[in-house]
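For reference, coords_32.cif (mmCIF, C-alpha atoms and all ligand atoms):
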```
data_query
loop_
_atom_site.label_atom_id
_atom_site.label_comp_id
_atom_site.auth_asym_id
_atom_site.auth_seq_id
_atom_site.Cartn_x
_atom_site.Cartn_y
_atom_site.Cartn_z
CA VAL A 249 0.00 0.00 0.00
CA THR A 250 1.29 3.47 -0.91
CA ALA A 251 1.39 5.92 2.01
CA ILE A 252 -0.99 8.84 1.51
CA PHE A 253 0.25 12.39 2.03
CA ASN A 254 -2.23 15.28 1.93
CA PHE A 255 -0.69 18.54 0.72
CA GLY A 256 -4.02 20.42 0.76
CA ALA A 257 -3.98 24.04 1.99
CA GLY A 258 -7.05 23.71 4.19
CA PRO A 259 -8.93 21.97 5.57
CA ALA A 260 -5.54 20.36 5.96
CA ALA A 261 -4.02 17.14 7.25
CA LEU A 262 -4.03 16.59 11.01
CA PRO A 263 -1.68 14.34 12.98
CA ARG A 264 -2.53 10.66 12.64
CA ALA A 265 -2.20 10.18 16.41
CA VAL A 266 -5.01 12.72 16.90
CA TYR A 267 -7.35 10.82 14.58
CA LEU A 268 -6.57 7.54 16.30
CA GLN A 269 -7.34 8.95 19.74
CA ALA A 270 -10.55 10.61 18.55
CA GLN A 271 -11.58 7.35 16.92
CA ALA A 272 -10.84 5.31 20.04
CA GLU A 273 -12.93 7.51 22.32
CA MET A 274 -15.63 8.57 19.84
CA LEU A 275 -18.39 6.49 21.44
CA ASP A 276 -17.37 6.89 25.05
CA TRP A 277 -15.54 10.08 25.96
CA GLN A 278 -13.70 9.89 29.31
CA GLY A 279 -15.94 7.10 30.58
CA SER A 280 -19.05 9.29 30.29
CA GLY A 281 -20.84 6.78 28.06
CA LEU A 282 -21.38 9.68 25.67
CA SER A 283 -19.66 10.84 22.51
CA ILE A 284 -17.80 14.15 22.83
CA LEU A 285 -20.23 15.32 20.12
CA GLU A 286 -23.19 15.13 22.54
CA VAL A 287 -21.60 16.34 25.78
CA SER A 288 -22.91 19.63 27.19
CA HIS A 289 -20.55 22.55 26.82
CA ARG A 290 -21.67 23.56 30.33
CA SER A 291 -20.58 20.24 31.87
CA ALA A 292 -17.64 20.21 34.25
CA ALA A 293 -15.82 17.74 31.99
CA PHE A 294 -16.10 19.93 28.90
CA ILE A 295 -15.18 23.11 30.80
CA ALA A 296 -12.07 21.26 32.05
CA LEU A 297 -11.19 20.30 28.46
CA TYR A 298 -11.70 23.91 27.37
CA GLU A 299 -9.54 25.33 30.15
CA GLN A 300 -6.79 22.79 29.44
CA ALA A 301 -6.87 23.64 25.72
CA VAL A 302 -6.50 27.35 26.52
CA ALA A 303 -3.67 26.59 28.98
CA ASP A 304 -1.87 24.39 26.43
CA LEU A 305 -2.14 27.06 23.73
CA ARG A 306 -0.86 29.67 26.20
CA GLU A 307 2.11 27.45 26.96
CA LEU A 308 2.83 26.60 23.30
CA LEU A 309 2.84 30.25 22.19
CA ASP A 310 4.08 31.72 25.49
CA ILE A 311 1.05 34.03 25.61
CA PRO A 312 1.39 36.75 28.27
CA ALA A 313 -1.23 36.89 31.05
CA HIS A 314 -2.75 40.16 29.82
CA TYR A 315 -3.98 38.51 26.63
CA GLN A 316 -7.30 36.68 26.33
CA VAL A 317 -7.59 33.48 24.31
CA LEU A 318 -10.95 33.00 22.57
CA PHE A 319 -12.25 29.99 20.64
CA LEU A 320 -14.79 31.46 18.22
CA GLN A 321 -16.58 30.68 14.96
CA GLY A 322 -16.93 32.44 11.62
CA GLY A 323 -13.40 31.70 10.40
CA ALA A 324 -10.63 34.20 9.83
CA THR A 325 -13.10 35.95 7.53
CA ALA A 326 -15.34 36.98 10.45
CA GLN A 327 -12.22 38.47 12.08
CA PHE A 328 -11.76 40.71 9.02
CA SER A 329 -14.78 42.64 10.40
CA MET A 330 -14.39 41.91 14.13
CA VAL A 331 -10.88 43.41 14.21
CA PRO A 332 -11.98 46.89 13.02
CA ALA A 333 -15.26 46.67 14.98
CA ASN A 334 -13.30 46.22 18.22
CA LEU A 335 -9.90 47.82 17.65
CA LEU A 336 -10.84 51.15 16.06
CA ARG A 337 -11.77 52.56 19.50
CA GLY A 338 -13.04 55.84 18.09
CA LYS A 339 -10.05 56.39 15.82
CA GLY A 340 -11.68 55.79 12.43
CA LYS A 341 -8.36 54.91 10.75
CA ALA A 342 -6.53 51.65 10.22
CA ASP A 343 -3.38 50.78 8.24
CA TYR A 344 -3.01 47.56 6.28
CA ILE A 345 -0.09 45.75 4.67
CA GLN A 346 -1.12 44.31 1.31
CA THR A 347 0.67 41.08 0.45
CA GLY A 348 -1.84 38.85 -1.33
CA THR A 349 -5.38 37.53 -1.56
CA TRP A 350 -5.98 37.26 2.18
CA SER A 351 -4.79 40.74 3.06
CA ASP A 352 -6.87 42.01 0.10
CA LYS A 353 -9.96 40.45 1.65
CA ALA A 354 -9.13 41.90 5.07
CA ILE A 355 -8.70 45.36 3.47
CA LEU A 356 -11.98 45.10 1.57
CA GLU A 357 -13.84 44.32 4.78
CA ALA A 358 -12.08 47.01 6.85
CA ARG A 359 -13.17 49.65 4.30
CA ARG A 360 -16.75 49.06 5.46
CA TYR A 361 -15.72 50.37 8.89
CA CYS A 362 -13.04 52.99 8.50
CA ASP A 363 -10.53 54.95 6.48
CA VAL A 364 -8.00 52.34 5.34
CA HIS A 365 -4.47 53.30 4.39
CA ILE A 366 -2.20 50.84 2.60
CA ALA A 367 1.04 51.21 4.57
CA ALA A 368 2.98 48.88 2.24
CA SER A 369 2.12 46.71 -0.72
CA SER A 370 3.68 44.06 -2.92
CA ALA A 371 0.74 44.08 -5.34
CA ALA A 372 2.71 45.65 -8.21
CA SER A 373 5.12 42.69 -8.17
CA GLY A 374 2.29 40.17 -8.22
CA TYR A 375 2.80 39.46 -4.51
CA THR A 376 6.28 38.00 -4.61
CA PHE A 377 7.75 39.51 -1.46
CA ALA A 378 7.02 40.72 2.07
CA PRO A 379 7.54 44.50 2.44
CA LYS A 380 10.34 45.49 4.85
CA GLN A 381 9.25 49.08 5.45
CA TRP A 382 5.82 50.30 6.41
CA ALA A 383 4.55 53.91 6.17
CA VAL A 384 2.28 53.87 9.21
CA ARG A 385 0.10 56.87 10.11
CA PRO A 386 0.86 57.91 13.70
CA ASP A 387 -2.84 58.27 14.58
CA THR A 388 -3.93 54.95 13.09
CA ALA A 389 -5.81 52.50 15.36
CA TYR A 390 -3.73 49.47 14.34
CA VAL A 391 -1.57 47.98 11.58
CA HIS A 392 -2.86 44.76 10.06
CA TYR A 393 -0.67 42.22 8.29
CA THR A 394 -1.02 38.66 7.05
CA ALA A 395 1.78 36.59 8.57
CA ASN A 396 1.67 34.02 5.78
CA GLU A 397 -0.13 34.46 2.46
CA THR A 398 -1.47 30.95 1.93
CA ILE A 399 -2.15 31.36 -1.78
CA HIS A 400 0.94 33.32 -2.85
CA GLY A 401 3.39 31.52 -0.54
CA VAL A 402 4.83 34.70 1.01
CA GLU A 403 5.69 34.80 4.72
CA PHE A 404 6.93 37.52 7.05
CA HIS A 405 10.05 36.21 8.79
CA THR A 406 10.73 39.57 10.50
CA LEU A 407 8.53 42.57 11.30
CA PRO A 408 9.16 46.33 11.21
CA GLU A 409 8.80 48.27 14.46
CA THR A 410 5.43 49.99 14.75
CA GLY A 411 6.06 51.67 18.10
CA ALA A 412 2.93 52.09 20.16
CA VAL A 413 0.58 51.22 17.29
CA PRO A 414 -0.87 47.74 17.92
CA LEU A 415 -0.20 45.04 15.33
CA ALA A 416 -3.17 42.97 14.17
CA CYS A 417 -2.20 39.70 12.54
CA ASP A 418 -4.01 37.12 10.42
CA MET A 419 -1.92 34.07 11.35
CA SER A 420 -4.30 31.47 9.91
CA SER A 421 -1.76 29.48 7.94
CA SER A 422 1.36 29.81 10.08
CA ILE A 423 0.21 29.85 13.71
CA LEU A 424 2.02 27.21 15.80
CA SER A 425 4.56 26.56 13.03
CA ARG A 426 7.21 28.49 14.98
CA PRO A 427 7.56 30.71 18.05
CA VAL A 428 5.97 34.15 17.81
CA ASP A 429 6.42 37.26 19.93
CA VAL A 430 2.80 37.64 21.00
CA ALA A 431 3.63 40.74 23.07
CA ARG A 432 4.41 42.68 19.87
CA HIS A 433 0.80 42.18 18.79
CA GLY A 434 -2.51 43.70 19.82
CA ILE A 435 -4.36 40.77 18.31
CA ILE A 436 -3.56 37.51 16.53
CA TYR A 437 -6.29 35.44 14.91
CA ALA A 438 -6.37 32.21 12.93
CA GLY A 439 -8.91 29.94 11.30
CA ALA A 440 -8.19 26.48 12.71
CA GLN A 441 -8.34 24.44 9.52
CA LYS A 442 -4.68 24.97 8.50
CA ASN A 443 -2.55 24.22 11.54
CA ILE A 444 -4.86 23.73 14.53
CA GLY A 445 -7.83 21.47 13.87
CA PRO A 446 -11.14 21.25 12.04
CA ALA A 447 -12.79 24.04 10.07
CA GLY A 448 -15.37 25.87 12.17
CA LEU A 449 -13.06 27.00 14.96
CA THR A 450 -11.27 30.36 15.01
CA VAL A 451 -8.60 31.14 17.59
CA VAL A 452 -8.28 34.75 18.73
CA ILE A 453 -5.52 36.04 21.03
CA VAL A 454 -6.28 39.62 22.04
CA ARG A 455 -4.67 42.09 24.43
CA GLU A 456 -7.08 42.93 27.23
CA ASP A 457 -6.79 46.71 26.99
CA LEU A 458 -8.00 46.58 23.37
CA MET A 459 -11.30 44.97 24.35
CA GLY A 460 -14.45 46.62 25.66
CA GLN A 461 -14.80 49.42 23.11
CA VAL A 462 -16.73 47.72 20.33
CA LEU A 463 -18.43 50.05 17.82
CA PRO A 464 -22.02 50.95 18.75
CA GLY A 465 -24.74 48.90 17.09
CA GLN A 466 -22.65 45.75 16.58
CA PRO A 467 -24.13 42.30 17.24
CA ALA A 468 -23.25 40.71 20.58
CA MET A 469 -21.28 37.97 18.80
CA VAL A 470 -18.78 40.56 17.55
CA ASP A 471 -17.80 41.94 20.99
CA TYR A 472 -14.50 40.41 22.21
CA GLN A 473 -15.16 41.69 25.74
CA LEU A 474 -18.53 39.95 25.96
CA LEU A 475 -17.16 36.74 24.42
CA ALA A 476 -14.22 36.74 26.85
CA GLU A 477 -16.51 37.30 29.85
CA HIS A 478 -18.38 34.17 28.79
CA ARG A 479 -15.19 32.16 28.20
CA SER A 480 -16.09 31.85 24.46
CA MET A 481 -19.45 30.35 25.48
CA TYR A 482 -21.87 33.24 24.99
CA ASN A 483 -23.53 30.74 22.66
CA THR A 484 -22.79 27.05 22.01
CA PRO A 485 -19.11 26.85 21.02
CA PRO A 486 -17.82 24.46 18.32
CA THR A 487 -17.28 21.71 20.89
CA PHE A 488 -15.97 18.98 18.58
CA ALA A 489 -13.53 21.35 16.90
CA ILE A 490 -12.28 22.53 20.31
CA TYR A 491 -11.85 18.90 21.37
CA ILE A 492 -9.78 18.05 18.28
CA ALA A 493 -7.73 21.24 18.73
CA SER A 494 -7.05 20.21 22.34
CA LEU A 495 -5.64 16.90 21.08
CA VAL A 496 -3.50 18.74 18.51
CA PHE A 497 -2.11 21.01 21.25
CA LYS A 498 -1.16 17.93 23.32
CA TRP A 499 0.46 16.38 20.25
CA LEU A 500 2.44 19.58 19.62
CA LYS A 501 3.73 19.54 23.19
CA GLN A 502 4.81 15.91 22.74
CA GLN A 503 6.73 16.93 19.61
CA GLY A 504 8.74 19.38 21.70
CA GLY A 505 6.60 22.47 21.12
CA VAL A 506 6.76 25.10 18.42
CA ALA A 507 10.55 25.56 18.61
CA ALA A 508 11.02 21.89 17.65
CA LEU A 509 8.37 22.20 14.95
CA GLN A 510 10.14 25.25 13.55
CA VAL A 511 13.33 23.23 13.04
CA LEU A 512 11.41 20.47 11.29
CA ASN A 513 9.39 22.95 9.21
CA HIS A 514 12.63 24.58 8.03
CA ARG A 515 14.05 21.21 6.98
CA LYS A 516 10.86 20.30 5.10
CA ALA A 517 10.66 23.62 3.26
CA GLU A 518 14.38 23.65 2.41
CA LEU A 519 14.13 20.20 0.86
CA LEU A 520 11.24 21.23 -1.39
CA TYR A 521 12.62 24.67 -2.37
CA HIS A 522 15.96 23.05 -3.19
CA CYS A 523 14.19 20.58 -5.49
CA ILE A 524 12.36 23.47 -7.21
CA ASP A 525 15.44 25.72 -7.52
CA GLN A 526 17.79 23.10 -8.95
CA SER A 527 15.21 22.03 -11.53
CA ASN A 528 14.47 23.64 -14.90
CA LEU A 529 10.86 22.42 -14.79
CA TYR A 530 9.60 23.86 -11.49
CA ILE A 531 9.31 27.59 -10.82
CA ASN A 532 8.65 29.55 -7.62
CA ARG A 533 8.80 33.34 -8.06
CA VAL A 534 8.78 34.43 -4.41
CA GLN A 535 11.93 36.22 -3.21
CA PRO A 536 13.94 33.56 -1.35
CA GLN A 537 14.09 35.38 2.00
CA ASP A 538 10.28 35.77 2.07
CA ARG A 539 9.28 32.29 1.01
CA SER A 540 6.65 30.57 3.07
CA LEU A 541 7.59 27.53 5.14
CA MET A 542 3.95 26.40 5.09
CA ASN A 543 2.68 26.85 1.53
CA VAL A 544 4.93 26.32 -1.48
CA PRO A 545 3.27 27.38 -4.75
CA PHE A 546 5.01 26.48 -7.99
CA THR A 547 4.36 26.38 -11.70
CA LEU A 548 5.77 24.21 -14.48
CA ASP A 549 7.98 25.57 -17.25
CA ASP A 550 5.61 23.65 -19.53
CA PRO A 551 2.13 24.38 -18.08
CA GLY A 552 0.70 21.74 -20.43
CA LEU A 553 2.17 19.11 -18.10
CA GLU A 554 0.12 20.19 -15.06
CA THR A 555 -2.75 17.77 -15.47
CA GLU A 556 -0.35 14.88 -16.00
CA PHE A 557 1.68 15.97 -12.95
CA LEU A 558 -1.42 15.95 -10.76
CA ARG A 559 -2.62 12.61 -12.14
CA GLN A 560 0.70 10.88 -11.53
CA ALA A 561 1.17 12.53 -8.11
CA GLU A 562 -2.19 11.18 -7.04
CA ALA A 563 -1.21 7.70 -8.21
CA HIS A 564 1.81 8.04 -5.90
CA GLY A 565 -0.40 8.95 -2.93
CA LEU A 566 0.52 12.65 -3.11
CA LEU A 567 -2.85 14.38 -2.85
CA GLN A 568 -4.35 17.87 -3.23
CA LEU A 569 -1.36 19.48 -4.96
CA LYS A 570 -3.51 21.67 -7.22
CA GLY A 571 -2.88 25.40 -6.77
CA HIS A 572 -5.60 27.79 -5.61
CA ARG A 573 -8.21 28.34 -8.32
CA SER A 574 -7.42 32.09 -8.42
CA VAL A 575 -3.75 31.65 -9.36
CA GLY A 576 -3.60 28.15 -10.87
CA GLY A 577 -0.39 26.15 -10.90
CA LEU A 578 0.50 23.81 -8.09
CA ARG A 579 0.93 24.17 -4.35
CA ALA A 580 2.30 21.94 -1.61
CA SER A 581 1.23 22.84 1.93
CA LEU A 582 3.66 21.66 4.60
CA TYR A 583 1.83 22.30 7.85
CA ASN A 584 2.92 20.78 11.17
CA ALA A 585 1.12 17.50 10.52
CA MET A 586 3.09 16.86 7.29
CA PRO A 587 5.91 14.47 8.18
CA PHE A 588 9.39 14.86 6.71
CA ALA A 589 8.81 11.57 4.88
CA GLY A 590 5.92 13.19 3.02
CA VAL A 591 8.17 15.91 1.62
CA GLN A 592 10.83 13.31 0.77
CA ALA A 593 8.21 11.33 -1.17
CA LEU A 594 7.07 14.49 -2.99
CA VAL A 595 10.60 15.52 -3.93
CA ARG A 596 11.44 12.02 -5.16
CA PHE A 597 8.32 12.09 -7.34
CA MET A 598 9.07 15.60 -8.65
CA ASP A 599 12.66 14.69 -9.58
CA ASP A 600 11.47 11.58 -11.44
CA PHE A 601 8.65 13.46 -13.17
CA ALA A 602 11.02 16.17 -14.40
CA ARG A 603 13.54 13.63 -15.72
CA THR A 604 10.98 11.48 -17.55
CA HIS A 605 9.67 14.62 -19.31
CA GLY A 606 13.08 15.76 -20.52
CA PHE A 607 13.83 18.26 -17.76
CA SER A 608 16.35 18.12 -14.96
C1 LIG B 1 -7.62 30.19 4.92
C2 LIG B 1 -7.29 31.60 5.26
C3 LIG B 1 -8.28 32.56 5.51
C4 LIG B 1 -9.75 32.25 5.41
O1 LIG B 1 -10.16 31.55 6.52
P1 LIG B 1 -11.69 31.17 6.75
O2 LIG B 1 -11.59 30.37 8.00
O3 LIG B 1 -12.14 30.40 5.56
O4 LIG B 1 -12.46 32.43 6.94
C5 LIG B 1 -7.88 33.83 5.86
N1 LIG B 1 -6.58 34.16 5.94
C6 LIG B 1 -5.61 33.27 5.68
C7 LIG B 1 -4.17 33.69 5.78
C8 LIG B 1 -5.92 31.96 5.35
O5 LIG B 1 -4.95 31.07 5.09
#
```

Hey, can you dump this file as structure tokens for me?
Amino acid sequence: VTAIFNFGAGPAALPRAVYLQAQAEMLDWQGSGLSILEVSHRSAAFIALYEQAVADLRELLDIPAHYQVLFLQGGATAQFSMVPANLLRGKGKADYIQTGTWSDKAILEARRYCDVHIAASSAASGYTFAPKQWAVRPDTAYVHYTANETIHGVEFHTLPETGAVPLACDMSSSILSRPVDVARHGIIYAGAQKNIGPAGLTVVIVREDLMGQVLPGQPAMVDYQLLAEHRSMYNTPPTFAIYIASLVFKWLKQQGGVAALQVLNHRKAELLYHCIDQSNLYINRVQPQDRSLMNVPFTLDDPGLETEFLRQAEAHGLLQLKGHRSVGGLRASLYNAMPFAGVQALVRFMDDFARTHGFS
């Protein structure tokens, strides 16, 4: 049997150990006689799971005490509106860094709420780099950036100083892939379906002094302060997704935490980028110092070979390598759950495919 490796960008592969545990206790969670899917979110057992998940995430990302951790719904996309609704605090201005499709969507949404200034952009290059200098307005409410552009494969590996202006970060596709200086941020948010767990859960890490000033007239479900007061349970939370995320957090701790994952993620990405760069078939246009460790988009020198590439890859157990529909081409996502062996198998296949089609 060929091993299966899922390179999909999201919903993405999760650790096998997590699936096995979920499977083993699906019908009887912690001796309750009930499935986790039917346990009350108000029960002591679920509250304990929730608190442990928050504590594990705090430990993994070294989150300071004056930040709240929220487990919400609505995806990163809901945060595109919740961030301005909460963080504007009467200022009416927000600055955004434009680096690809996801920051574009965040900008589009923010324009419904305030005066948006593009403090830096790589749009003119076709999103092939992460800007190193930002022209931030001193009276802006916050500066928003996308830590990793999942579609364009561009990642910020360092950040400019923004002084007292809070940073707001969409970290959907790189959270937990490496350590992060949470204290430099006002807010970090991430849809779970890349590196945390199932779709339907959104993790928000927000500095306490930025809460409690939501715009007037907003729905209750938008107010970070209210959601935090109710420990993310103002309404029924996504219990199953939180459960799976809690198992992923435990798994991450067993792997040695995010510092250990960072080392592995570097090795995985280096192997694949080396394969692409030494070949005359595969092309990645992102500036080397800004390449994403999580999402590696590439095209073929002969685009006519794409369909054949995908067909043969699938026959080798290498799944979901098709690029995002908006940009085409191919893309390999190398989130935490992708083992090194998966990247080795991909690179072996890519080398063979190039050679058999007259490339090197
Ligand atoms: C996937 C993704 C999103 C969209 O997330 P949803 O959960 O579908 O709203 C936003 N930003 C980034 C960086 C992503 O990778």

### Task
List all protein, DNA and RNA residues that have at least one atom no more than 9 Å from any atom of ligand LIG 1 (chain B), counting only C-alpha atoms and all ligand atoms, and write them as an NGL selection string.
:A and (257-259 or 321-328 or 349-351 or 353-354 or 394-399 or 418-422 or 438-442 or 447-450)

### Task
Tell me which of A:Ile531, A:Ala378, A:Leu463, A:Ala602 sits closest to A:Leu553, counting all atoms listed in the file.
A:Ala602

### Query
Given the choices A:His433, A:Arg596, A:Arg426, A:Arg573, which gets closest to A:Glu456 if the distance is worked out from all atoms listed in the file?
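Ranking A:His433, A:Arg596, A:Arg426, A:Arg573 by distance to A:Glu456, first place goes to A:His433.
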
### Task
Quick one: everything within 12 Å of A:Thr604, counting all atoms listed in the file, minus sequence neighbours fewer than 5 positions away in the same chain. Send it as a list in words.
Leu529, Leu553, Glu556, Phe557, Gln560, Phe597, Met598 and Asp599 of chain A

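Here the question is which of A:Ala261, A:Val302, A:Ile436, A:Met274 gets nearest to A:Lys498 using only C-alpha atoms, and that residue is A:Val302.
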
### Message
Using all atoms listed in the file, can you tell me which of A:Asp538, A:Ala593, A:Glu286, A:Phe601 comes closest to A:Arg559?
### Response
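Going through A:Asp538, A:Ala593, A:Glu286, A:Phe601 one by one, the smallest distance to A:Arg559 is for A:Phe601.
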